[in-house]
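**Student:** Contents of upload_5.tsv (TSV, C-alpha atoms) are below:
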chain	number	residue	atom	x	y	z
A	1	MET	CA	73.38	138.05	84.35
A	2	SER	CA	70.75	140.22	86.01
A	3	PRO	CA	71.13	141.34	89.66
A	4	GLY	CA	70.11	138.64	92.11
A	5	GLN	CA	70.18	135.91	89.47
A	6	ALA	CA	72.05	132.77	90.59
A	7	GLY	CA	75.06	131.66	88.56
A	8	PRO	CA	75.33	128.27	86.91
A	9	VAL	CA	75.49	125.32	89.27
A	10	ARG	CA	78.82	123.53	89.06
A	11	GLY	CA	79.48	119.96	90.09
A	12	GLU	CA	82.63	118.25	91.28
A	13	LEU	CA	85.01	115.42	90.59
A	14	VAL	CA	85.64	113.34	93.73
A	15	LEU	CA	88.51	110.88	94.10
A	16	VAL	CA	87.33	108.13	96.44
A	17	ALA	CA	89.73	105.72	98.12
A	18	THR	CA	88.44	102.15	98.31
A	19	PRO	CA	89.65	99.17	100.41
A	20	ILE	CA	92.87	97.39	99.43
A	21	GLY	CA	91.57	94.21	101.04
A	22	ASN	CA	89.49	94.66	104.17
A	23	LEU	CA	86.02	95.98	103.29
A	24	GLY	CA	85.81	97.56	106.72
A	25	ASP	CA	88.21	100.24	105.50
A	26	LEU	CA	85.61	101.92	103.28
A	27	SER	CA	84.72	105.06	105.23
A	28	ALA	CA	81.20	106.28	105.90
A	29	ARG	CA	81.93	109.39	103.84
A	30	ALA	CA	83.10	107.27	100.91
A	31	GLN	CA	79.92	105.22	101.09
A	32	SER	CA	77.82	108.40	101.07
A	33	VAL	CA	79.62	109.85	98.05
A	34	LEU	CA	79.34	106.58	96.10
A	35	ALA	CA	75.64	106.30	96.95
A	36	GLU	CA	74.87	109.83	95.77
A	37	ALA	CA	77.23	110.31	92.81
A	38	ASP	CA	75.66	110.86	89.40
A	39	LEU	CA	78.49	108.95	87.72
A	40	ILE	CA	81.12	106.55	89.06
A	41	CYS	CA	84.29	106.10	87.01
A	42	CYS	CA	86.03	102.82	87.78
A	43	GLU	CA	88.77	100.58	86.41
A	44	ASP	CA	86.66	97.43	86.36
A	45	THR	CA	82.89	97.86	86.50
A	46	ARG	CA	82.46	94.30	87.76
A	47	ARG	CA	84.69	94.83	90.77
A	48	THR	CA	83.14	98.16	91.62
A	49	ARG	CA	79.62	96.78	91.25
A	50	ALA	CA	80.54	94.01	93.71
A	51	LEU	CA	81.95	96.57	96.15
A	52	LEU	CA	78.81	98.69	95.98
A	53	SER	CA	76.64	95.61	96.42
A	54	ALA	CA	78.53	94.71	99.61
A	55	PHE	CA	77.35	98.01	101.08
A	56	ASP	CA	73.84	97.85	99.62
A	57	ILE	CA	74.59	100.75	97.28
A	58	ARG	CA	72.69	100.71	94.00
A	59	ALA	CA	74.96	100.86	90.98
A	60	GLY	CA	72.29	101.14	88.31
A	61	ASN	CA	73.67	102.60	85.09
A	62	ARG	CA	76.04	104.98	86.90
A	63	LEU	CA	79.22	102.97	86.31
A	64	LEU	CA	81.63	104.12	83.60
A	65	SER	CA	84.85	102.24	82.89
A	66	LEU	CA	87.94	104.42	83.17
A	67	HIS	CA	91.38	102.88	82.68
A	68	GLY	CA	94.69	103.58	81.04
A	69	HIS	CA	93.44	102.77	77.54
A	70	ASN	CA	90.31	104.95	77.50
A	71	GLU	CA	90.92	107.81	79.95
A	72	THR	CA	91.27	110.34	77.15
A	73	SER	CA	88.03	109.34	75.44
A	74	ARG	CA	86.10	109.60	78.73
A	75	LEU	CA	87.12	113.19	79.40
A	76	GLU	CA	84.28	115.01	77.67
A	77	ARG	CA	81.54	112.91	79.22
A	78	VAL	CA	82.99	113.43	82.70
A	79	ALA	CA	83.58	117.14	82.11
A	80	GLU	CA	80.04	117.59	80.79
A	81	CYS	CA	78.58	115.93	83.88
A	82	VAL	CA	80.63	118.07	86.26
A	83	ALA	CA	79.99	121.29	84.34
A	84	GLY	CA	76.27	120.52	84.46
A	85	GLY	CA	76.27	120.32	88.25
A	86	GLY	CA	76.77	116.58	88.66
A	87	THR	CA	79.06	114.71	91.02
A	88	VAL	CA	81.50	112.28	89.41
A	89	ALA	CA	83.22	109.82	91.73
A	90	VAL	CA	86.46	108.19	90.61
A	91	VAL	CA	87.62	104.90	92.13
A	92	SER	CA	90.32	102.38	91.28
A	93	ASP	CA	90.11	98.64	91.80
A	94	ALA	CA	91.73	99.14	95.20
A	95	GLY	CA	93.29	102.00	97.12
A	96	THR	CA	93.54	105.66	96.18
A	97	PRO	CA	92.96	106.51	92.50
A	98	GLY	CA	95.72	108.41	90.76
A	99	ILE	CA	98.57	106.56	92.51
A	100	SER	CA	99.83	104.09	89.87
A	101	ASP	CA	96.17	103.88	88.81
A	102	PRO	CA	94.00	105.95	86.45
A	103	GLY	CA	92.78	109.31	87.67
A	104	ALA	CA	95.75	111.69	87.81
A	105	TRP	CA	95.43	112.79	84.18
A	106	LEU	CA	91.68	113.31	84.52
A	107	VAL	CA	92.21	115.44	87.63
A	108	GLY	CA	94.68	117.62	85.76
A	109	GLN	CA	92.27	118.14	82.87
A	110	LEU	CA	89.31	119.04	85.08
A	111	ALA	CA	91.40	121.32	87.28
A	112	ALA	CA	92.70	123.13	84.20
A	113	ARG	CA	89.09	123.83	83.23
A	114	GLY	CA	88.44	125.40	86.60
A	115	GLU	CA	86.22	122.60	87.89
A	116	THR	CA	86.12	121.54	91.53
A	117	VAL	CA	88.18	118.46	92.38
A	118	THR	CA	88.05	116.97	95.89
A	119	VAL	CA	89.15	113.76	97.57
A	120	VAL	CA	87.78	111.28	100.08
A	121	PRO	CA	91.01	109.86	101.55
A	122	GLY	CA	91.34	106.33	102.78
A	123	ALA	CA	93.19	103.11	102.05
A	124	SER	CA	96.52	103.31	100.19
A	125	SER	CA	98.91	100.41	99.72
A	126	VAL	CA	101.78	102.88	99.31
A	127	LEU	CA	101.31	104.61	102.67
A	128	ALA	CA	100.27	101.45	104.49
A	129	ALA	CA	103.41	99.60	103.38
A	130	LEU	CA	105.62	102.58	104.13
A	131	VAL	CA	104.49	103.07	107.71
A	132	VAL	CA	104.57	99.34	108.55
A	133	SER	CA	108.01	98.80	106.98
A	134	GLY	CA	110.00	100.12	109.94
A	135	LEU	CA	112.09	102.27	107.55
A	136	PRO	CA	112.37	106.09	107.72
A	137	THR	CA	109.18	107.87	106.67
A	138	ASP	CA	110.20	111.53	106.96
A	139	ARG	CA	111.31	111.63	103.32
A	140	PHE	CA	110.22	109.08	100.74
A	141	SER	CA	109.57	108.59	97.04
A	142	VAL	CA	107.01	106.47	95.21
A	143	GLU	CA	108.53	104.63	92.28
A	144	GLY	CA	105.35	102.74	91.43
A	145	PHE	CA	105.79	99.93	88.90
A	146	LEU	CA	109.24	99.72	87.32
A	147	PRO	CA	109.56	99.20	83.54
A	148	ARG	CA	109.83	95.48	82.87
A	149	LYS	CA	113.14	95.65	81.00
A	150	GLY	CA	115.50	97.72	78.91
A	151	THR	CA	117.42	100.94	79.31
A	152	GLU	CA	114.63	102.79	81.09
A	153	ARG	CA	114.42	100.10	83.78
A	154	ARG	CA	118.19	100.20	84.35
A	155	ARG	CA	118.11	103.98	84.57
A	156	ARG	CA	115.31	104.04	87.11
A	157	VAL	CA	116.82	101.26	89.23
A	158	ALA	CA	120.11	103.18	89.35
A	159	ALA	CA	118.28	106.38	90.29
A	160	LEU	CA	116.30	104.83	93.13
A	161	LEU	CA	119.39	103.12	94.56
A	162	ALA	CA	121.20	106.48	94.57
A	163	ASP	CA	118.29	108.27	96.26
A	164	GLU	CA	118.72	108.98	99.97
A	165	ARG	CA	114.95	108.72	100.52
A	166	THR	CA	113.02	105.56	101.36
A	167	CYS	CA	111.50	104.25	98.12
A	168	VAL	CA	108.17	102.46	97.63
A	169	ILE	CA	107.96	100.06	94.68
A	170	LEU	CA	104.85	98.26	93.48
A	171	GLU	CA	105.53	94.86	91.97
A	172	ALA	CA	103.64	91.89	90.55
A	173	PRO	CA	104.19	88.75	92.66
A	174	GLY	CA	105.73	86.83	89.77
A	175	ARG	CA	108.47	89.45	89.35
A	176	VAL	CA	109.32	90.11	93.01
A	177	ALA	CA	112.24	87.63	93.14
A	178	ALA	CA	113.85	89.03	89.98
A	179	THR	CA	113.49	92.63	91.15
A	180	LEU	CA	114.98	91.86	94.57
A	181	ALA	CA	117.88	90.05	92.91
A	182	GLU	CA	118.52	93.00	90.60
A	183	LEU	CA	118.53	95.48	93.50
A	184	ALA	CA	120.65	93.19	95.68
A	185	ALA	CA	123.31	92.91	92.97
A	186	SER	CA	124.08	96.60	93.49
A	187	ASP	CA	123.65	96.88	97.27
A	188	PRO	CA	123.01	93.62	99.14
A	189	ALA	CA	123.23	95.31	102.56
A	190	ARG	CA	120.48	97.84	101.83
A	191	PRO	CA	117.43	97.39	104.15
A	192	VAL	CA	114.13	96.38	102.58
A	193	ALA	CA	110.63	95.40	103.63
A	194	VAL	CA	108.56	93.07	101.47
A	195	VAL	CA	104.92	93.74	102.33
A	196	ARG	CA	102.31	91.28	101.14
A	197	GLU	CA	98.50	91.12	101.20
A	198	LEU	CA	98.01	94.28	103.26
A	199	THR	CA	94.82	94.35	105.40
A	200	LYS	CA	93.95	90.80	104.31
A	201	VAL	CA	93.90	87.55	106.28
A	202	HIS	CA	97.39	86.53	105.14
A	203	GLU	CA	99.06	89.93	105.61
A	204	GLU	CA	102.82	89.54	105.96
A	205	VAL	CA	105.76	91.92	106.41
A	206	TRP	CA	109.26	90.56	105.76
A	207	ARG	CA	112.11	92.83	106.93
A	208	GLY	CA	115.82	92.40	106.27
A	209	THR	CA	118.48	93.24	103.68
A	210	LEU	CA	118.21	93.10	99.91
A	211	GLY	CA	120.74	90.28	99.85
A	212	ASP	CA	118.78	88.16	102.29
A	213	ALA	CA	115.51	89.02	100.58
A	214	ALA	CA	116.85	87.95	97.18
A	215	SER	CA	117.87	84.57	98.61
A	216	SER	CA	114.68	84.10	100.60
A	217	PHE	CA	112.22	84.93	97.87
A	218	GLU	CA	114.10	83.06	95.16
A	219	ALA	CA	113.45	79.88	97.12
A	220	ASP	CA	109.96	80.84	98.30
A	221	PRO	CA	108.02	82.85	95.66
A	222	VAL	CA	105.30	85.15	96.98
A	223	ARG	CA	101.62	85.25	96.18
A	224	GLY	CA	99.13	88.08	96.33
A	225	GLU	CA	99.59	91.86	96.18
A	226	VAL	CA	103.16	92.96	96.99
A	227	VAL	CA	104.82	96.26	97.86
A	228	LEU	CA	108.58	96.66	98.28
A	229	VAL	CA	109.89	99.39	100.58
A	230	VAL	CA	113.61	100.00	100.04
A	231	GLY	CA	115.79	101.98	102.42
A	232	GLY	CA	117.51	105.09	101.09
A	233	ALA	CA	121.16	105.37	100.12
A	234	PRO	CA	123.50	106.44	102.94
A	235	ALA	CA	123.77	110.21	103.08
A	236	MET	CA	127.07	111.53	101.78
A	237	ALA	CA	128.97	113.67	104.24
A	238	ALA	CA	129.08	117.25	102.98
A	239	ALA	CA	132.55	118.55	102.22
A	240	ASP	CA	133.61	121.24	104.68
A	241	GLU	CA	135.20	124.54	103.67
A	242	ARG	CA	138.71	123.23	104.17
A	243	ASP	CA	138.03	120.36	101.75
A	244	VAL	CA	136.61	122.77	99.19
A	245	GLU	CA	139.46	125.25	99.42
A	246	ALA	CA	142.07	122.47	99.27
A	247	ALA	CA	140.45	121.10	96.11
A	248	VAL	CA	140.35	124.60	94.62
A	249	ARG	CA	144.05	125.15	95.34
A	250	ARG	CA	144.93	121.85	93.68
A	251	ALA	CA	142.78	122.64	90.63
A	252	MET	CA	144.35	126.08	90.24
A	253	GLY	CA	147.83	124.62	90.60
A	254	GLU	CA	147.15	121.97	87.95
A	255	ASP	CA	145.73	124.52	85.51
A	256	PRO	CA	147.00	128.05	86.22
A	257	GLU	CA	145.08	129.42	83.25
A	258	ALA	CA	141.71	128.28	84.56
A	259	GLY	CA	139.47	131.03	85.88
A	260	PRO	CA	137.31	130.81	89.03
A	261	ARG	CA	134.25	129.71	87.07
A	262	GLN	CA	136.09	126.88	85.34
A	263	VAL	CA	137.58	125.75	88.62
A	264	ALA	CA	134.15	125.94	90.27
A	265	GLU	CA	132.59	123.68	87.63
A	266	ARG	CA	135.36	121.10	87.93
A	267	VAL	CA	135.56	121.00	91.73
A	268	ALA	CA	131.79	121.20	92.28
A	269	ALA	CA	131.33	118.09	90.16
A	270	SER	CA	134.07	116.14	91.96
A	271	LEU	CA	132.89	117.03	95.48
A	272	ASP	CA	129.15	117.14	94.70
A	273	VAL	CA	128.74	120.62	96.20
A	274	PRO	CA	127.03	123.74	94.76
A	275	LYS	CA	129.03	125.64	92.12
A	276	ARG	CA	128.36	128.93	93.87
A	277	ARG	CA	130.04	127.69	97.02
A	278	VAL	CA	133.16	126.58	95.08
A	279	TYR	CA	133.24	129.81	93.05
A	280	GLU	CA	133.33	131.89	96.23
A	281	ALA	CA	136.13	129.69	97.59
A	282	ALA	CA	138.06	130.15	94.33
A	283	LEU	CA	137.81	133.92	94.64
A	284	ARG	CA	139.13	133.75	98.20
A	285	VAL	CA	142.03	131.49	97.24
A	286	ARG	CA	142.98	133.64	94.25
A	287	ALA	CA	142.83	136.83	96.30
A	288	ALA	CA	145.08	135.27	98.94
A	289	GLY	CA	147.46	133.92	96.29
A	290	ASP	CA	147.34	130.58	98.08
A	291	VAL	CA	147.64	128.20	95.13
A	292	GLN	CA	148.98	124.66	95.51
A	293	ARG	CA	151.60	123.96	92.86
Mind turning this structure into structure tokens?
**Tutor:**
Amino acid sequence: MSPGQAGPVRGELVLVATPIGNLGDLSARAQSVLAEADLICCEDTRRTRALLSAFDIRAGNRLLSLHGHNETSRLERVAECVAGGGTVAVVSDAGTPGISDPGAWLVGQLAARGETVTVVPGASSVLAALVVSGLPTDRFSVEGFLPRKGTERRRRVAALLADERTCVILEAPGRVAATLAELAASDPARPVAVVRELTKVHEEVWRGTLGDAASSFEADPVRGEVVLVVGGAPAMAAADERDVEAAVRRAMGEDPEAGPRQVAERVAASLDVPKRRVYEAALRVRAAGDVQR
């Protein structure tokens, strides 16, 4: 490139949040990006065309379907547009793309190629349900949609019930009662919020326990878009040093041949504390000769 010559113009991929119900939640910035984008990737072109029409934004031939079954095949067209200096907007049917919706994989691919990826934040059913639930928001996880059945579903249900963080679950209305019943079977006293039709006319937030929710929604099935926000598992009290050293003394007394590392592995697992902490306690106990026999 000769001195003073401008480099190639690069475009950008823009994730644009769209309303989850109330059209008034589409920001002015989002409208501007959608009006000016060279290409708009969307889950359902019909829904996005209707959204654009509501804001007098011309869709033309700029809409490109992008969903879980064709995301891979769309990559090169999107990448070519961005590399050529174009702006590609990505939207989902509702909310923020990439959260239990197409977009995350595409972002990773474009970012790996060194392209610019930005976001126009806005509506999100996950965050909206979380903050309105009344449950702790300082630490939370997003489970998204659970597998419908099988070993993987059981594994993930067990993991979320063991997690101390508040958990956000997306669920189809026809499966809400079954999911609540499954969760309640393990911990009926756990707090939960069932959030329905966020930002819409019939918005509803039900708060209570999993046990009560299972009974309530078995008798009165829900309709519309649903998000479940489940309280975290009670935090386990950390074992203090006296507990650790007492457990180490017992382990050494039961197996005099066991070394500090073996004892550390055994006790750390039983008390759910770091191995390093138990190993250091084992060294102290052995040096003091204070073994419980």
**Student:** Name the residues in contact with A:Gly68 at a cut-off of 9 Å, using all atoms listed in the file, excluding same-chain residues fewer than 2 positions from it; report them as a list in words.
**Tutor:**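 In the requested form, the answer reads Glu43, Leu66, Asn70, Glu71, Thr72, Asp101, Pro102 and Gly103 of chain A.
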**Student:** Using all atoms listed in the file, find each residue of stretch 201-220 of chain A with at least one atom at most 12 Å away from an atom of stretch 124-131 of chain A; report its shortest atom-to-atom pair and that distance in Å (one decimal), sort the rows by chain and rising residue number, and return the result as CSV.
**Tutor:**
residue,atom,partner,partner_atom,distance
A:Glu203,CA,A:Ala129,CA,10.8
A:Glu204,CA,A:Ala129,CA,10.4
A:Val205,CA,A:Ala129,CA,8.6
A:Trp206,CA,A:Ala129,CA,11.0
A:Arg207,CA,A:Ala129,CA,11.6
**Student:** For A:Val285, find every residue with an atom within 12 Å (counting only C-alpha atoms), except residues of its own chain fewer than 5 positions away, and show them as a ChimeraX atom specification.
**Tutor:** /A:241-242,244-253,259-260,263-264,278-280,290-292
**Student:** Give me the residues within 12 Å of stretch 150-162 of chain A as a ChimeraX atom specification, counting all atoms listed in the file and dropping any in the same chain fewer than 3 places off.
**Tutor:** /A:140-147,165-169,179-192,210,229-236
**Student:** Choose the residue, out of A:His202, A:Arg10, A:His67, A:Arg286, that has the smallest atom-to-atom separation from A:Ser100; count only C-alpha atoms.
**Tutor:**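 Ranking A:His202, A:Arg10, A:His67, A:Arg286 by distance to A:Ser100, first place goes to A:His67.
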**Student:** Which residue out of A:Val33, A:Val194, A:Val226, A:Glu12 has the minimum interatomic distance to A:Gly114 when only C-alpha atoms are used?
**Tutor:** A:Glu12
**Student:** If we count only C-alpha atoms, what is near A:Asp25 at a cut-off of 9 Å, once residues fewer than 5 positions away on the same chain are taken out, given as a list of chain:residue names?
**Tutor:** A:Thr18, A:Pro19, A:Ile20, A:Gly122, A:Ala123, A:Thr199
**Student:** Atom CA of A:Ser27 and atom CA of A:Gly108, how far apart in Å?
**Tutor:** 25.2 Å
**Student:** Choose the residue, out of A:Ile40, A:Arg261, A:Arg276, A:Arg139, that has the smallest atom-to-atom separation from A:Arg58; count all atoms listed in the file.
**Tutor:**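 Between A:Ile40, A:Arg261, A:Arg276, A:Arg139, the residue approaching A:Arg58 most closely is A:Ile40.
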**Student:** Using all atoms listed in the file, pick whichever of A:Ala178, A:Leu52, A:Val132, A:Ala172 has the shortest atom-to-atom distance to A:Val195.
**Tutor:**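 Of A:Ala178, A:Leu52, A:Val132, A:Ala172, the one nearest A:Val195, counting all atoms listed in the file, is A:Val132.
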**Student:** Go through A:Val267, A:Ala89, A:Leu34, A:Ala219 and flag the residue nearest A:Leu106, using all atoms listed in the file for the distances.
**Tutor:**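 Among the listed residues, A:Ala89 lies closest to A:Leu106.
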**Student:** With distances taken over only C-alpha atoms, which residue among A:Val176, A:Ala193, A:Ala268, A:Leu13 lies nearest A:Glu225?
**Tutor:**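 Looking only at the distances to A:Glu225, the closest residue turns out to be A:Val176.
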**Student:** Once you count only C-alpha atoms, which residues end up no further than 9 Å from (78.5, 100.4, 98.9) in the file's frame, shown as a JSON list (two decimals) with C-alpha atoms, in the coordinates of the input?
**Tutor:**
[["chain", "number", "residue", "atom", "x", "y", "z"],
["A", 26, "LEU", "CA", 85.61, 101.92, 103.28],
["A", 30, "ALA", "CA", 83.10, 107.27, 100.91],
["A", 31, "GLN", "CA", 79.92, 105.22, 101.09],
["A", 32, "SER", "CA", 77.82, 108.40, 101.07],
["A", 34, "LEU", "CA", 79.34, 106.58, 96.10],
["A", 35, "ALA", "CA", 75.64, 106.30, 96.95],
["A", 48, "THR", "CA", 83.14, 98.16, 91.62],
["A", 49, "ARG", "CA", 79.62, 96.78, 91.25],
["A", 50, "ALA", "CA", 80.54, 94.01, 93.71],
["A", 51, "LEU", "CA", 81.95, 96.57, 96.15],
["A", 52, "LEU", "CA", 78.81, 98.69, 95.98],
["A", 53, "SER", "CA", 76.64, 95.61, 96.42],
["A", 54, "ALA", "CA", 78.53, 94.71, 99.61],
["A", 55, "PHE", "CA", 77.35, 98.01, 101.08],
["A", 56, "ASP", "CA", 73.84, 97.85, 99.62],
["A", 57, "ILE", "CA", 74.59, 100.75, 97.28],
["A", 58, "ARG", "CA", 72.69, 100.71, 94.00],
["A", 59, "ALA", "CA", 74.96, 100.86, 90.98]]
**Student:** Mind checking which residues fall within 8 Å of A:Pro121, counting all atoms listed in the file, ignoring those fewer than 6 positions away in the same chain, and posting them as a PDB file with C-alpha atoms, keeping the file's coordinate frame?
**Tutor:**
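Full text of around_39.pdb as output:
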ATOM      1  CA  LEU A  15      88.510 110.880  94.100  1.00  0.00           C
ATOM      2  CA  VAL A  16      87.330 108.130  96.440  1.00  0.00           C
ATOM      3  CA  ALA A  17      89.730 105.720  98.120  1.00  0.00           C
ATOM      4  CA  THR A  96      93.540 105.660  96.180  1.00  0.00           C
TER       5      THR A  96
END
**Student:** Please compute the atom CA of A:Arg47-atom CA of A:Gly24 distance, one decimal, in Å.
**Tutor:**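 It comes out at 16.2 Å.
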**Student:** Take atom CA of A:Thr209 and atom CA of A:Arg148 and report the distance between them in Å, one decimal.
**Tutor:** 22.6 Å
**Student:** Box for stretch 57-70 of chain A: with edges along x, y and z, all listed atoms inside and 8 Å added on each side, what are the centre and edge lengths in Å to one decimal, as lines of an AutoDock Vina configuration file?
**Tutor:**
center_x = 83.5
center_y = 102.8
center_z = 87.4
size_x = 38.4
size_y = 20.3
size_z = 35.8
**Student:** Could I get stretch 161-188 of chain A rebuilt with N, CA and C atoms, written as a PDB file, in the frame of the given file?
**Tutor:**
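Done, and the output landed in selection09.pdb:
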ATOM      1  N   LEU A 161     118.347 103.583  93.662  1.00  0.00           N
ATOM      2  CA  LEU A 161     119.390 103.120  94.560  1.00  0.00           C
ATOM      3  C   LEU A 161     120.316 104.250  94.998  1.00  0.00           C
ATOM      4  N   ALA A 162     120.369 105.325  94.209  1.00  0.00           N
ATOM      5  CA  ALA A 162     121.200 106.480  94.570  1.00  0.00           C
ATOM      6  C   ALA A 162     120.449 107.476  95.437  1.00  0.00           C
ATOM      7  N   ASP A 163     119.132 107.331  95.519  1.00  0.00           N
ATOM      8  CA  ASP A 163     118.290 108.270  96.260  1.00  0.00           C
ATOM      9  C   ASP A 163     118.422 108.034  97.767  1.00  0.00           C
ATOM     10  N   GLU A 164     118.587 109.096  98.523  1.00  0.00           N
ATOM     11  CA  GLU A 164     118.720 108.980  99.970  1.00  0.00           C
ATOM     12  C   GLU A 164     117.381 108.750 100.662  1.00  0.00           C
ATOM     13  N   ARG A 165     116.277 108.900  99.932  1.00  0.00           N
ATOM     14  CA  ARG A 165     114.950 108.720 100.520  1.00  0.00           C
ATOM     15  C   ARG A 165     114.523 107.253 100.472  1.00  0.00           C
ATOM     16  N   THR A 166     113.660 106.870 101.413  1.00  0.00           N
ATOM     17  CA  THR A 166     113.020 105.560 101.360  1.00  0.00           C
ATOM     18  C   THR A 166     112.181 105.494 100.083  1.00  0.00           C
ATOM     19  N   CYS A 167     112.203 104.368  99.401  1.00  0.00           N
ATOM     20  CA  CYS A 167     111.500 104.250  98.120  1.00  0.00           C
ATOM     21  C   CYS A 167     110.461 103.137  98.171  1.00  0.00           C
ATOM     22  N   VAL A 168     109.259 103.440  97.670  1.00  0.00           N
ATOM     23  CA  VAL A 168     108.170 102.460  97.630  1.00  0.00           C
ATOM     24  C   VAL A 168     108.003 101.979  96.184  1.00  0.00           C
ATOM     25  N   ILE A 169     108.082 100.660  96.009  1.00  0.00           N
ATOM     26  CA  ILE A 169     107.960 100.060  94.680  1.00  0.00           C
ATOM     27  C   ILE A 169     106.785  99.105  94.672  1.00  0.00           C
ATOM     28  N   LEU A 170     105.937  99.212  93.666  1.00  0.00           N
ATOM     29  CA  LEU A 170     104.850  98.260  93.480  1.00  0.00           C
ATOM     30  C   LEU A 170     105.345  97.176  92.523  1.00  0.00           C
ATOM     31  N   GLU A 171     105.022  95.931  92.815  1.00  0.00           N
ATOM     32  CA  GLU A 171     105.530  94.860  91.970  1.00  0.00           C
ATOM     33  C   GLU A 171     104.550  93.698  91.898  1.00  0.00           C
ATOM     34  N   ALA A 172     104.469  93.084  90.721  1.00  0.00           N
ATOM     35  CA  ALA A 172     103.640  91.890  90.550  1.00  0.00           C
ATOM     36  C   ALA A 172     104.328  90.725  91.253  1.00  0.00           C
ATOM     37  N   PRO A 173     103.568  89.837  91.886  1.00  0.00           N
ATOM     38  CA  PRO A 173     104.190  88.750  92.660  1.00  0.00           C
ATOM     39  C   PRO A 173     105.153  87.893  91.853  1.00  0.00           C
ATOM     40  N   GLY A 174     104.863  87.664  90.585  1.00  0.00           N
ATOM     41  CA  GLY A 174     105.730  86.830  89.770  1.00  0.00           C
ATOM     42  C   GLY A 174     107.066  87.466  89.434  1.00  0.00           C
ATOM     43  N   ARG A 175     107.208  88.765  89.669  1.00  0.00           N
ATOM     44  CA  ARG A 175     108.470  89.450  89.350  1.00  0.00           C
ATOM     45  C   ARG A 175     109.223  89.918  90.591  1.00  0.00           C
ATOM     46  N   VAL A 176     108.693  89.644  91.771  1.00  0.00           N
ATOM     47  CA  VAL A 176     109.320  90.110  93.010  1.00  0.00           C
ATOM     48  C   VAL A 176     110.736  89.559  93.160  1.00  0.00           C
ATOM     49  N   ALA A 177     110.923  88.251  92.961  1.00  0.00           N
ATOM     50  CA  ALA A 177     112.240  87.630  93.140  1.00  0.00           C
ATOM     51  C   ALA A 177     113.274  88.253  92.215  1.00  0.00           C
ATOM     52  N   ALA A 178     112.904  88.468  90.948  1.00  0.00           N
ATOM     53  CA  ALA A 178     113.850  89.030  89.980  1.00  0.00           C
ATOM     54  C   ALA A 178     114.203  90.468  90.338  1.00  0.00           C
ATOM     55  N   THR A 179     113.223  91.238  90.792  1.00  0.00           N
ATOM     56  CA  THR A 179     113.490  92.630  91.150  1.00  0.00           C
ATOM     57  C   THR A 179     114.385  92.710  92.380  1.00  0.00           C
ATOM     58  N   LEU A 180     114.131  91.871  93.378  1.00  0.00           N
ATOM     59  CA  LEU A 180     114.980  91.860  94.570  1.00  0.00           C
ATOM     60  C   LEU A 180     116.407  91.460  94.206  1.00  0.00           C
ATOM     61  N   ALA A 181     116.552  90.485  93.322  1.00  0.00           N
ATOM     62  CA  ALA A 181     117.880  90.050  92.910  1.00  0.00           C
ATOM     63  C   ALA A 181     118.623  91.165  92.177  1.00  0.00           C
ATOM     64  N   GLU A 182     117.907  91.902  91.350  1.00  0.00           N
ATOM     65  CA  GLU A 182     118.520  93.000  90.600  1.00  0.00           C
ATOM     66  C   GLU A 182     118.988  94.109  91.551  1.00  0.00           C
ATOM     67  N   LEU A 183     118.171  94.442  92.537  1.00  0.00           N
ATOM     68  CA  LEU A 183     118.530  95.480  93.500  1.00  0.00           C
ATOM     69  C   LEU A 183     119.686  95.005  94.380  1.00  0.00           C
ATOM     70  N   ALA A 184     119.622  93.742  94.797  1.00  0.00           N
ATOM     71  CA  ALA A 184     120.650  93.190  95.680  1.00  0.00           C
ATOM     72  C   ALA A 184     122.018  93.134  94.997  1.00  0.00           C
ATOM     73  N   ALA A 185     122.037  92.982  93.697  1.00  0.00           N
ATOM     74  CA  ALA A 185     123.310  92.910  92.970  1.00  0.00           C
ATOM     75  C   ALA A 185     124.105  94.198  93.127  1.00  0.00           C
ATOM     76  N   SER A 186     123.407  95.310  93.334  1.00  0.00           N
ATOM     77  CA  SER A 186     124.080  96.600  93.490  1.00  0.00           C
ATOM     78  C   SER A 186     124.373  96.935  94.949  1.00  0.00           C
ATOM     79  N   ASP A 187     123.482  96.520  95.858  1.00  0.00           N
ATOM     80  CA  ASP A 187     123.650  96.880  97.270  1.00  0.00           C
ATOM     81  C   ASP A 187     122.985  95.830  98.161  1.00  0.00           C
ATOM     82  N   PRO A 188     123.633  94.698  98.381  1.00  0.00           N
ATOM     83  CA  PRO A 188     123.010  93.620  99.140  1.00  0.00           C
ATOM     84  C   PRO A 188     122.713  93.964 100.596  1.00  0.00           C
TER      85      PRO A 188
END
